[in-house]
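Student: Please find entry-v9.cif (mmCIF, C-alpha atoms) on the next line:
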data_target
#
loop_
_atom_site.label_atom_id
_atom_site.label_comp_id
_atom_site.auth_asym_id
_atom_site.auth_seq_id
_atom_site.Cartn_x
_atom_site.Cartn_y
_atom_site.Cartn_z
CA MET A 1 22.78 34.23 -10.11
CA ALA A 2 21.06 31.72 -12.31
CA LYS A 3 17.34 31.31 -12.00
CA LYS A 4 16.07 28.50 -9.87
CA PHE A 5 13.30 26.04 -10.44
CA HIS A 6 11.27 23.75 -8.26
CA VAL A 7 12.21 20.10 -7.81
CA GLU A 8 10.31 17.33 -6.07
CA ILE A 9 11.68 13.87 -5.52
CA VAL A 10 8.97 11.49 -4.35
CA THR A 11 9.31 7.85 -3.31
CA PRO A 12 6.58 5.48 -2.14
CA ASN A 13 7.68 5.99 1.46
CA ARG A 14 8.22 9.71 1.64
CA VAL A 15 8.70 13.00 -0.11
CA PHE A 16 12.47 12.86 -0.34
CA PHE A 17 13.16 16.36 -1.59
CA ASP A 18 11.00 19.40 -2.20
CA ASP A 19 12.84 22.64 -2.79
CA GLU A 20 14.31 25.10 -5.30
CA LEU A 21 17.39 24.11 -7.30
CA GLU A 22 19.61 25.82 -9.78
CA LYS A 23 20.54 22.66 -11.63
CA LEU A 24 19.66 18.99 -11.45
CA VAL A 25 21.92 16.39 -13.05
CA ILE A 26 20.43 12.96 -13.38
CA ARG A 27 21.06 9.70 -15.21
CA THR A 28 18.29 8.71 -17.61
CA THR A 29 18.03 5.60 -19.76
CA THR A 30 19.54 7.60 -22.60
CA GLY A 31 22.39 9.14 -20.62
CA ASP A 32 23.07 11.90 -18.13
CA ILE A 33 21.04 15.05 -18.48
CA ALA A 34 21.06 18.36 -16.68
CA ILE A 35 17.87 20.24 -16.02
CA LEU A 36 17.94 24.00 -15.70
CA HIS A 37 15.30 26.63 -15.23
CA ASP A 38 12.76 26.75 -18.06
CA HIS A 39 13.59 23.35 -19.45
CA THR A 40 11.38 22.07 -22.26
CA PRO A 41 8.55 19.79 -21.02
CA LEU A 42 9.94 16.29 -20.83
CA ILE A 43 9.09 12.85 -19.53
CA THR A 44 11.81 10.24 -19.34
CA PRO A 45 12.66 7.08 -17.38
CA VAL A 46 15.51 7.37 -14.91
CA GLU A 47 18.24 4.78 -14.28
CA ILE A 48 19.95 3.61 -11.15
CA GLY A 49 22.57 6.23 -10.50
CA ARG A 50 23.36 9.36 -8.59
CA ALA A 51 21.60 12.65 -8.83
CA ARG A 52 23.47 15.89 -8.31
CA LEU A 53 21.40 18.62 -6.79
CA ILE A 54 22.99 21.98 -7.31
CA PHE A 55 21.54 24.69 -5.13
CA GLY A 56 23.67 27.53 -6.42
CA ASP A 57 26.15 29.51 -4.29
CA GLY A 58 28.51 26.55 -4.62
CA LYS A 59 26.21 24.35 -2.57
CA GLU A 60 25.70 20.88 -3.94
CA ARG A 61 24.35 17.59 -2.68
CA GLU A 62 24.35 14.09 -4.04
CA ALA A 63 21.77 11.35 -3.68
CA THR A 64 21.36 7.80 -4.88
CA ILE A 65 18.40 7.24 -7.11
CA SER A 66 16.69 3.99 -8.04
CA PRO A 67 14.77 3.52 -11.27
CA GLY A 68 12.01 6.01 -11.70
CA ILE A 69 10.46 8.54 -13.98
CA LEU A 70 11.24 12.21 -14.40
CA THR A 71 8.66 14.74 -15.46
CA VAL A 72 9.69 18.29 -16.29
CA ASP A 73 6.88 20.65 -16.91
CA ASP A 74 6.21 24.33 -16.35
CA SER A 75 9.70 24.79 -14.96
CA LYS A 76 8.95 22.26 -12.30
CA ALA A 77 10.63 18.86 -12.13
CA ILE A 78 9.06 15.85 -10.47
CA LEU A 79 11.04 12.68 -10.03
CA LEU A 80 9.13 9.58 -9.03
CA THR A 81 11.50 6.85 -7.94
CA ASP A 82 11.41 3.57 -6.04
CA ALA A 83 14.00 4.76 -3.55
CA ALA A 84 16.29 7.70 -2.89
CA GLU A 85 18.92 8.25 -0.21
CA TRP A 86 21.33 10.92 0.93
CA PRO A 87 24.92 9.70 1.33
CA GLU A 88 24.68 9.87 5.11
CA GLU A 89 21.63 7.64 5.08
CA ILE A 90 23.35 4.83 3.25
CA ASP A 91 24.19 1.81 5.31
CA LEU A 92 27.58 1.01 3.84
CA ASP A 93 27.81 -2.41 5.48
CA ARG A 94 24.47 -3.38 4.15
CA ALA A 95 25.35 -2.21 0.67
CA GLU A 96 28.63 -4.20 0.79
CA ARG A 97 26.76 -7.28 1.91
CA ALA A 98 24.21 -6.82 -0.85
CA LYS A 99 27.03 -6.49 -3.35
CA LEU A 100 28.65 -9.71 -2.18
CA ARG A 101 25.36 -11.55 -2.19
CA ALA A 102 24.52 -10.41 -5.70
CA LYS A 103 27.97 -11.37 -6.94
CA GLU A 104 27.69 -14.81 -5.40
CA ARG A 105 24.36 -15.31 -7.00
CA LEU A 106 25.71 -14.34 -10.39
CA GLU A 107 28.60 -16.73 -10.07
CA SER A 108 26.63 -19.69 -8.80
CA GLN A 109 25.63 -22.29 -11.33
CA LYS A 110 21.97 -22.88 -10.71
CA LYS A 111 20.12 -19.80 -11.66
CA ASN A 112 17.42 -18.86 -14.08
CA GLN A 113 16.93 -15.79 -16.18
CA MET A 114 14.79 -14.13 -13.56
CA ASP A 115 17.32 -14.51 -10.75
CA GLU A 116 20.08 -13.27 -12.93
CA THR A 117 18.30 -10.06 -13.87
CA ARG A 118 17.42 -9.46 -10.27
CA ALA A 119 20.94 -10.10 -9.07
CA ARG A 120 22.29 -7.73 -11.70
CA VAL A 121 19.91 -5.00 -10.63
CA SER A 122 20.74 -5.39 -6.96
CA LEU A 123 24.43 -5.47 -7.76
CA ARG A 124 24.15 -2.18 -9.58
CA LYS A 125 22.14 -0.64 -6.78
CA ALA A 126 24.67 -1.76 -4.20
CA VAL A 127 27.64 -0.52 -6.21
CA ASN A 128 25.92 2.80 -6.76
CA ARG A 129 25.22 3.22 -3.05
CA ILE A 130 28.78 2.36 -2.14
CA GLU A 131 30.17 4.84 -4.65
CA VAL A 132 28.01 7.70 -3.47
CA ALA A 133 28.65 6.96 0.18
CA LYS A 134 32.41 6.82 -0.35
CA ARG A 135 32.58 9.95 -2.42
CA LYS A 136 31.16 11.82 0.51
CA LYS A 137 34.08 10.93 2.77
CA MET B 1 -30.97 -22.25 46.67
CA ALA B 2 -30.04 -18.61 46.25
CA GLY B 3 -26.40 -19.26 47.14
CA ALA B 4 -25.92 -21.48 44.07
CA GLY B 5 -27.37 -18.78 41.79
CA MET B 6 -24.93 -16.33 43.29
CA GLN B 7 -22.04 -18.62 42.47
CA ASP B 8 -23.16 -18.83 38.85
CA ILE B 9 -23.44 -15.08 38.52
CA LYS B 10 -20.06 -14.60 40.06
CA ARG B 11 -18.52 -17.02 37.59
CA ARG B 12 -20.16 -15.23 34.68
CA ILE B 13 -18.93 -11.85 35.86
CA LYS B 14 -15.43 -13.26 36.00
CA SER B 15 -15.62 -14.70 32.51
CA VAL B 16 -17.08 -11.53 30.98
CA ASP B 17 -14.44 -9.53 32.75
CA SER B 18 -11.60 -11.58 31.30
CA THR B 19 -13.12 -11.26 27.83
CA LYS B 20 -13.31 -7.55 28.38
CA GLN B 21 -9.66 -7.44 29.25
CA ILE B 22 -8.83 -9.15 25.98
CA THR B 23 -10.99 -6.88 23.85
CA LYS B 24 -9.60 -3.85 25.62
CA ALA B 25 -6.05 -5.00 24.92
CA MET B 26 -6.89 -5.66 21.29
CA GLU B 27 -8.43 -2.23 21.03
CA LEU B 28 -5.24 -0.62 22.31
CA VAL B 29 -3.06 -2.70 20.02
CA SER B 30 -5.10 -1.86 16.97
CA SER B 31 -5.16 1.84 17.79
CA ALA B 32 -1.37 1.81 17.88
CA LYS B 33 -1.24 -0.10 14.61
CA LEU B 34 -3.83 2.17 13.10
CA ARG B 35 -1.73 5.20 13.85
CA ARG B 36 1.25 3.67 12.07
CA ALA B 37 -0.82 2.45 9.12
CA ARG B 38 -2.36 5.87 8.69
CA GLN B 39 1.00 7.52 8.69
CA ARG B 40 2.19 5.16 5.98
CA ALA B 41 -0.89 5.85 3.94
CA GLU B 42 -0.27 9.56 4.18
CA GLU B 43 3.37 9.22 3.23
CA ASN B 44 2.52 7.22 0.16
CA ARG B 45 -0.19 9.51 -1.11
CA PRO B 46 1.99 12.09 -2.94
CA TYR B 47 3.73 9.35 -4.94
CA PHE B 48 0.45 7.71 -5.75
CA GLU B 49 -1.13 10.94 -6.93
CA LYS B 50 1.85 12.00 -9.00
CA ILE B 51 2.03 8.71 -10.84
CA GLU B 52 -1.63 8.84 -11.67
CA GLU B 53 -1.23 12.40 -12.87
CA THR B 54 1.69 11.46 -15.11
CA ILE B 55 -0.05 8.50 -16.67
CA GLN B 56 -3.21 10.44 -17.31
CA GLY B 57 -1.10 13.12 -18.93
CA ILE B 58 0.52 10.64 -21.29
CA LEU B 59 -2.50 8.63 -22.33
CA PRO B 60 -4.01 11.18 -24.75
CA HIS B 61 -0.72 11.17 -26.68
CA THR B 62 -0.35 7.50 -27.13
CA LYS B 63 -3.31 6.74 -29.34
CA GLU B 64 -1.02 5.33 -31.99
CA VAL B 65 1.05 3.32 -29.52
CA GLN B 66 0.37 -0.38 -29.56
CA SER B 67 0.30 -1.85 -26.09
CA PRO B 68 -1.71 -4.78 -24.80
CA TYR B 69 -2.41 -2.71 -21.71
CA LEU B 70 -4.35 -0.16 -23.71
CA ASP B 71 -6.33 -2.59 -25.84
CA GLN B 72 -9.95 -3.02 -24.93
CA ARG B 73 -10.30 -6.71 -25.68
CA GLU B 74 -13.50 -8.63 -25.64
CA ILE B 75 -13.99 -9.67 -22.04
CA LYS B 76 -14.13 -13.38 -21.57
CA LYS B 77 -12.68 -13.67 -18.13
CA THR B 78 -12.37 -11.00 -15.50
CA GLY B 79 -9.62 -10.92 -12.93
CA TYR B 80 -10.15 -9.62 -9.43
CA ILE B 81 -7.55 -8.69 -6.89
CA VAL B 82 -9.37 -8.80 -3.57
CA ILE B 83 -7.70 -7.36 -0.51
CA THR B 84 -8.89 -8.60 2.89
CA GLY B 85 -7.29 -9.12 6.27
CA ASP B 86 -5.67 -12.24 7.67
CA ARG B 87 -7.66 -12.22 10.84
CA GLY B 88 -11.21 -11.71 11.94
CA LEU B 89 -12.61 -9.79 14.91
CA CYS B 90 -12.84 -6.62 12.94
CA GLY B 91 -16.56 -6.18 12.41
CA GLY B 92 -17.74 -6.29 8.84
CA TYR B 93 -14.37 -5.40 7.30
CA ASN B 94 -13.64 -8.68 5.55
CA THR B 95 -17.23 -9.48 4.68
CA ASN B 96 -17.84 -6.08 3.16
CA ALA B 97 -14.82 -6.30 0.88
CA ILE B 98 -15.75 -9.81 -0.24
CA LYS B 99 -19.37 -8.82 -0.75
CA LYS B 100 -18.32 -5.90 -2.89
CA ALA B 101 -16.28 -8.20 -5.12
CA VAL B 102 -18.95 -10.90 -5.33
CA THR B 103 -21.70 -8.43 -6.21
CA HIS B 104 -19.59 -7.05 -9.01
CA MET B 105 -18.70 -10.51 -10.28
CA ASN B 106 -22.33 -11.36 -10.86
CA ASP B 107 -22.46 -14.07 -13.52
CA ARG B 108 -19.14 -13.29 -15.14
CA GLU B 109 -16.44 -15.81 -15.56
CA VAL B 110 -13.89 -14.78 -13.01
CA SER B 111 -10.50 -15.50 -11.60
CA VAL B 112 -9.36 -14.23 -8.24
CA ILE B 113 -6.05 -13.17 -6.76
CA GLY B 114 -6.72 -13.33 -3.05
CA ILE B 115 -4.84 -11.20 -0.57
CA GLY B 116 -5.32 -11.98 3.10
CA GLN B 117 -6.25 -15.27 4.71
CA LYS B 118 -9.92 -14.42 5.12
CA GLY B 119 -10.51 -13.67 1.49
CA VAL B 120 -8.47 -16.64 0.31
CA ASN B 121 -10.47 -18.99 2.55
CA PHE B 122 -13.75 -17.62 1.31
CA PHE B 123 -12.95 -17.89 -2.37
CA ARG B 124 -11.44 -21.33 -1.97
CA LYS B 125 -14.42 -22.68 -0.07
CA LYS B 126 -16.83 -21.32 -2.65
CA GLY B 127 -14.85 -22.93 -5.44
CA TYR B 128 -13.71 -19.79 -7.22
CA ASP B 129 -10.82 -19.96 -9.62
CA LEU B 130 -7.89 -18.78 -7.49
CA ASP B 131 -4.89 -17.69 -9.51
CA GLY B 132 -2.81 -16.47 -6.65
CA GLU B 133 -2.87 -16.10 -2.90
CA PHE B 134 -0.90 -13.76 -0.77
CA VAL B 135 -1.29 -14.14 2.97
CA SER B 136 0.23 -12.53 6.04
CA ILE B 137 1.18 -9.35 4.21
CA SER B 138 -1.89 -7.26 4.87
CA GLU B 139 -0.82 -6.02 8.26
CA LYS B 140 2.41 -4.46 7.09
CA PRO B 141 2.44 -4.34 3.31
CA MET B 142 5.77 -3.76 1.61
CA PHE B 143 6.33 -2.27 -1.81
CA SER B 144 7.87 -5.57 -2.90
CA ASP B 145 4.61 -7.36 -2.05
CA ALA B 146 2.75 -4.98 -4.33
CA LYS B 147 5.37 -5.67 -6.97
CA SER B 148 4.85 -9.41 -6.95
CA ILE B 149 1.07 -9.06 -6.95
CA GLY B 150 1.24 -6.60 -9.82
CA LYS B 151 3.57 -8.86 -11.73
CA LEU B 152 1.26 -11.83 -11.40
CA ALA B 153 -1.76 -9.81 -12.50
CA MET B 154 0.11 -8.40 -15.49
CA GLU B 155 1.37 -11.82 -16.51
CA LEU B 156 -2.13 -13.24 -16.44
CA TYR B 157 -3.32 -10.29 -18.43
CA GLU B 158 -0.56 -10.49 -21.01
CA ASN B 159 -1.12 -14.19 -21.58
CA GLU B 160 -4.80 -13.43 -22.09
CA MET B 161 -5.80 -15.63 -19.19
CA ILE B 162 -7.83 -12.66 -18.06
CA ASP B 163 -9.01 -9.71 -20.12
CA GLU B 164 -9.61 -7.20 -17.39
CA VAL B 165 -8.17 -6.55 -13.95
CA ASN B 166 -10.20 -5.11 -11.11
CA LEU B 167 -8.90 -4.21 -7.71
CA VAL B 168 -11.13 -4.46 -4.64
CA TYR B 169 -10.00 -2.88 -1.41
CA THR B 170 -11.33 -0.93 1.53
CA GLU B 171 -10.81 2.77 1.38
CA PHE B 172 -9.90 4.50 4.59
CA VAL B 173 -12.21 7.50 4.84
CA SER B 174 -11.87 8.06 8.56
CA THR B 175 -11.30 6.00 11.69
CA ILE B 176 -14.93 4.97 11.83
CA ASN B 177 -15.74 5.10 8.15
CA HIS B 178 -14.33 2.57 5.69
CA LYS B 179 -15.70 2.05 2.25
CA PRO B 180 -15.12 -1.00 0.07
CA ARG B 181 -14.10 0.21 -3.36
CA LEU B 182 -13.57 -1.36 -6.74
CA ILE B 183 -11.29 0.16 -9.35
CA LYS B 184 -10.39 -1.03 -12.78
CA LEU B 185 -6.65 -1.39 -13.23
CA LEU B 186 -6.30 -2.83 -16.71
CA PRO B 187 -6.80 -2.10 -19.52
CA LEU B 188 -5.98 1.53 -18.88
CA GLN B 189 -8.69 4.00 -19.52
CA GLU B 190 -8.47 7.64 -20.18
CA LYS B 191 -10.15 9.90 -17.73
CA GLU B 192 -11.65 13.19 -18.76
CA VAL B 193 -8.77 15.61 -18.98
CA PRO B 194 -9.31 19.34 -18.63
CA GLU B 195 -8.62 21.17 -21.86
CA GLU B 196 -5.83 23.41 -20.68
CA PHE B 197 -4.01 20.32 -19.51
CA GLN B 198 -4.21 18.76 -22.95
CA GLU B 199 -2.95 21.84 -24.65
CA ARG B 200 0.05 22.13 -22.46
CA ASP B 201 0.94 18.53 -23.14
CA GLU B 202 1.22 19.01 -26.87
CA VAL B 203 4.78 20.17 -26.55
CA MET B 204 5.80 17.45 -24.13
CA THR B 205 8.90 15.55 -25.20
CA TYR B 206 9.09 11.86 -24.45
CA GLU B 207 12.62 10.60 -24.15
CA PRO B 208 13.42 8.20 -25.83
CA SER B 209 9.82 7.64 -27.03
CA PRO B 210 6.24 7.60 -25.72
CA GLU B 211 6.25 3.80 -26.03
CA GLU B 212 9.32 3.46 -23.83
CA VAL B 213 7.93 5.80 -21.25
CA LEU B 214 4.61 4.04 -21.25
CA ASN B 215 6.21 0.61 -21.02
CA TYR B 216 8.05 1.75 -17.98
CA LEU B 217 5.16 3.61 -16.46
CA ILE B 218 2.35 1.07 -16.76
CA PRO B 219 3.87 -1.59 -14.50
CA LYS B 220 4.82 1.17 -12.07
CA TYR B 221 1.29 2.47 -12.16
CA VAL B 222 -0.19 -0.96 -11.47
CA GLU B 223 2.27 -1.61 -8.67
CA SER B 224 1.75 1.68 -6.98
CA MET B 225 -2.03 1.40 -7.26
CA ILE B 226 -1.81 -1.99 -5.56
CA TYR B 227 0.59 -0.68 -2.95
CA GLY B 228 -1.68 2.26 -2.22
CA ALA B 229 -4.65 -0.07 -1.94
CA LEU B 230 -2.77 -2.43 0.39
CA ILE B 231 -1.85 0.43 2.66
CA GLU B 232 -5.33 1.89 2.70
CA ALA B 233 -6.77 -1.54 3.38
CA SER B 234 -4.42 -2.17 6.26
CA ALA B 235 -5.38 1.15 7.83
CA SER B 236 -9.04 0.31 7.33
CA GLU B 237 -8.59 -3.11 8.87
CA GLN B 238 -7.03 -1.68 11.99
CA GLY B 239 -9.68 1.01 12.14
CA ALA B 240 -12.46 -1.54 11.79
CA ARG B 241 -10.91 -3.74 14.44
CA ARG B 242 -10.52 -0.85 16.80
CA VAL B 243 -14.16 0.11 16.44
CA ALA B 244 -15.31 -3.48 16.81
CA MET B 245 -13.20 -4.01 19.90
CA GLU B 246 -14.30 -0.74 21.38
CA SER B 247 -17.94 -1.69 21.15
CA ALA B 248 -17.15 -5.19 22.45
CA THR B 249 -15.50 -3.61 25.48
CA ASP B 250 -18.47 -1.32 25.99
CA ASN B 251 -20.85 -4.24 25.76
CA ALA B 252 -18.81 -6.23 28.24
CA GLU B 253 -18.91 -3.33 30.65
CA GLU B 254 -22.67 -3.08 30.32
CA MET B 255 -23.02 -6.80 30.88
CA ILE B 256 -20.85 -6.69 33.96
CA GLY B 257 -23.02 -3.86 35.30
CA ASP B 258 -26.17 -5.88 34.75
CA LEU B 259 -24.66 -8.99 36.28
CA ASN B 260 -23.46 -7.05 39.31
CA LEU B 261 -26.95 -5.76 39.87
CA LYS B 262 -28.31 -9.27 39.60
CA TYR B 263 -25.66 -10.56 41.95
CA ASN B 264 -26.43 -7.93 44.57
CA ARG B 265 -30.12 -8.67 44.31
CA ALA B 266 -29.50 -12.37 44.74
CA ARG B 267 -27.27 -11.66 47.72
CA GLN B 268 -29.90 -9.40 49.23
CA ALA B 269 -32.55 -12.05 48.65
CA SER B 270 -30.48 -14.73 50.31
CA ILE B 271 -29.78 -12.52 53.33
CA THR B 272 -33.44 -11.64 53.66
CA GLN B 273 -34.36 -15.26 53.42
CA GLU B 274 -31.83 -16.24 56.05
CA ILE B 275 -33.08 -13.58 58.46
CA SER B 276 -36.66 -14.61 58.01
CA GLU B 277 -35.64 -18.22 58.62
CA ILE B 278 -33.88 -17.28 61.84
CA VAL B 279 -36.75 -15.12 62.97
CA GLY B 280 -39.17 -17.86 62.07
CA GLY B 281 -37.06 -20.39 63.97
CA ALA B 282 -36.83 -18.15 67.05
CA GLU B 283 -40.57 -17.59 66.91
CA ALA B 284 -41.19 -21.32 66.89
CA GLN B 285 -38.96 -21.83 69.98
CA LYS B 286 -41.18 -19.65 72.14
#
What's the structure tokens form of this structure?
Tutor:
Amino acid sequence: MAKKFHVEIVTPNRVFFDDELEKLVIRTTTGDIAILHDHTPLITPVEIGRARLIFGDGKEREATISPGILTVDDSKAILLTDAAEWPEEIDLDRAERAKLRAKERLESQKKNQMDETRARVSLRKAVNRIEVAKRKK
Amino acid sequence: MAGAGMQDIKRRIKSVDSTKQITKAMELVSSAKLRRARQRAEENRPYFEKIEETIQGILPHTKEVQSPYLDQREIKKTGYIVITGDRGLCGGYNTNAIKKAVTHMNDREVSVIGIGQKGVNFFRKKGYDLDGEFVSISEKPMFSDAKSIGKLAMELYENEMIDEVNLVYTEFVSTINHKPRLIKLLPLQEKEVPEEFQERDEVMTYEPSPEEVLNYLIPKYVESMIYGALIEASASEQGARRVAMESATDNAEEMIGDLNLKYNRARQASITQEISEIVGGAEAQK
């Protein structure tokens, strides 16, 4: 069995995850990366996307991740993110509503730069949540 | 006449008693809120600590990185973010935070971002330069509130409207102990880093680059510092209110005790007087 390493996922509201993993796959600003035991020390920003947490023994879980920062160091990974959810925690209705709202806002005429960026970000978050929640079923 | 005095005392007892009921209720409410606020503060702490750790780990490696947030400019105007409550009746909580800020301000040219009605009112009345006000968030601060405050502060800083950002809040030490604290947010300063920590960091890879990481991390750092401070302050406010209301309730109880004693004495006196009048009257009839 592959060696495991320690992973912590921390959000402002709670410690989301704190356990040993065999592999962590996560989307950074430069693309998807996988972290294994004894990874080189690394700090990188993380994008909106899903994280795959592979426990070994065929066990695997997925979670939605909001922007954040990943620090790998001494075979320990710490992910600081604005928000993280397990698929079963996602409120699908709410995500759908958020998606609609963001789309409407993008299509409407009166908007400024600021609103547009924000709408884009919330659209991506909503789509990401919906995808992860649906994949579960 | 003694009867009239008794009426007065009775009325006072009633009024003190109704005040006591209010303070007692407020005490209970703030203990419930305190419990919640404390829990939030505890939940946030790991995030807060980790972000500080990360940023302190990066700073020694970014000497060559150009960022306005790292520049120590000449200080012409100092910005203060002052966190107070929206409401009073919490002992010295608001005053202490304001005093801490004002003492530090001294003769500097300052600009204030006020959080909480009490602080905003104070700085407005005294004619301070208010660059932003955020009210009715201090009881239940959200991360998005911290975001907008942080954004405003960073905008002011970037446009060189202010050359330094200080954050004043009340640290929650324990339920009965709250300490007003001032920390410097911007420009970022390196703390003393233990040597072994520095050595280990030499091999650290920054993807895509230290600049990128820092550009992402600094706003996050400012936001999470503000969020942490908001949460601590809200716990402190509830704690201070609880203590203040507890002592108000105790005082009311003591007052009611005193007044009851007075009332009984007055009653006794009036009875004695009445008896002696009757006896005197009967004596005269003989």
Student: Contacts of segment 33-38 of chain A at 8 Å or less, counting only C-alpha atoms, minus same-chain residues fewer than 2 places along, as a list in words?
Tutor: Lys3, Lys4, Phe5, Glu22, Lys23, Leu24, Val25, Ile26, Arg27, Thr28, Gly31, Thr40, Asp74 and Ser75 of chain A
Student: I'd like the residues picked by the PyMOL selection byres ((chain B and resi 246-261) around 12) written out as a PyMOL selection string, using the chain letters and numbers from the file.
Tutor: chain B and resi 5-31+89-91+176+238-245+262-268
Student: Pull out every residue of chain B that has at least one atom within 12 Å of chain A, counting all atoms listed in the file, and report them as a ChimeraX atom specification.
Tutor: /B:37,39-55,57-58,141-144,146-147,197,200-221,223-228,231
Student: In Å, how far is it from atom CA of Glu158 of chain B to atom CA of Ala83 of chain A?
Tutor: 27.4 Å
Student: Given the file shown, enumerate the residues that the PyMOL selection byres ((chain B and resi 101) around 8) captures and present them as a list in words.
Tutor: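 What the PyMOL selection byres ((chain B and resi 101) around 8) grabs from the file is Tyr80, Val82, Ala97, Ile98, Lys99, Lys100, Val102, Thr103, His104, Met105, Val168 and Leu182 of chain B.
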Student: Write the residues of the preceding selection, restricted to C-alpha atoms, as an mmCIF file, keeping the file's coordinate frame.
Tutor:
data_model
loop_
_atom_site.group_PDB
_atom_site.id
_atom_site.type_symbol
_atom_site.label_atom_id
_atom_site.label_comp_id
_atom_site.auth_asym_id
_atom_site.auth_seq_id
_atom_site.Cartn_x
_atom_site.Cartn_y
_atom_site.Cartn_z
ATOM 1 C CA TYR B 80 -10.150 -9.620 -9.430
ATOM 2 C CA VAL B 82 -9.370 -8.800 -3.570
ATOM 3 C CA ALA B 97 -14.820 -6.300 0.880
ATOM 4 C CA ILE B 98 -15.750 -9.810 -0.240
ATOM 5 C CA LYS B 99 -19.370 -8.820 -0.750
ATOM 6 C CA LYS B 100 -18.320 -5.900 -2.890
ATOM 7 C CA VAL B 102 -18.950 -10.900 -5.330
ATOM 8 C CA THR B 103 -21.700 -8.430 -6.210
ATOM 9 C CA HIS B 104 -19.590 -7.050 -9.010
ATOM 10 C CA MET B 105 -18.700 -10.510 -10.280
ATOM 11 C CA VAL B 168 -11.130 -4.460 -4.640
ATOM 12 C CA LEU B 182 -13.570 -1.360 -6.740
#
Student: Decode the PyMOL selection byres ((chain A and resi 89) around 10) for the given file into explicit residues and return them as a ChimeraX atom specification.
Tutor: /A:63-64,84-88,90-92,129,133
Student: Hey, can I get the axis-aligned box for segment 250-264 of chain B? All listed atoms, 5 Å padding on each side, centre and edge lengths in Å to one decimal, as AutoDock Vina command-line options.
Tutor:
--center_x -23.4 --center_y -5.9 --center_z 35.2 --size_x 19.8 --size_y 19.2 --size_z 28.8
Student: Would you compute the distance between atom CA of Lys184 of chain B and atom CA of Lys151 of chain B? Give it in Å to one decimal.
Tutor: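 If I compute the distance from atom CA of Lys184 of chain B to atom CA of Lys151 of chain B, I get 16.0 Å.
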Student: So what do you get for atom CA of Ile81 of chain B versus atom CA of Pro68 of chain B, distance-wise?
Tutor: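 Value for the atom CA of Ile81 of chain B-atom CA of Pro68 of chain B distance: 19.2 Å.
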Student: Which residues come within 10 Å of Glu171 of chain B, counting only C-alpha atoms, excluding same-chain residues fewer than 2 positions away, as number ranges by chain?
Tutor: B: 97, 168-169, 173-174, 177-182, 228-237
Student: Ranking B:Thr95, B:Ser270, B:Asn159, B:Thr84 by minimum distance to Glu133 of chain B and counting all atoms listed in the file, which one comes first?
Tutor: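 Smallest distance to Glu133 of chain B is found for B:Thr84.
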Student: Go through B:Phe172, B:Val165, B:Phe134, B:Lys286 one by one, measure the shortest atom-to-atom distance of each to Arg73 of chain B using only C-alpha atoms, and give the residue with the smallest value.
Tutor: B:Val165
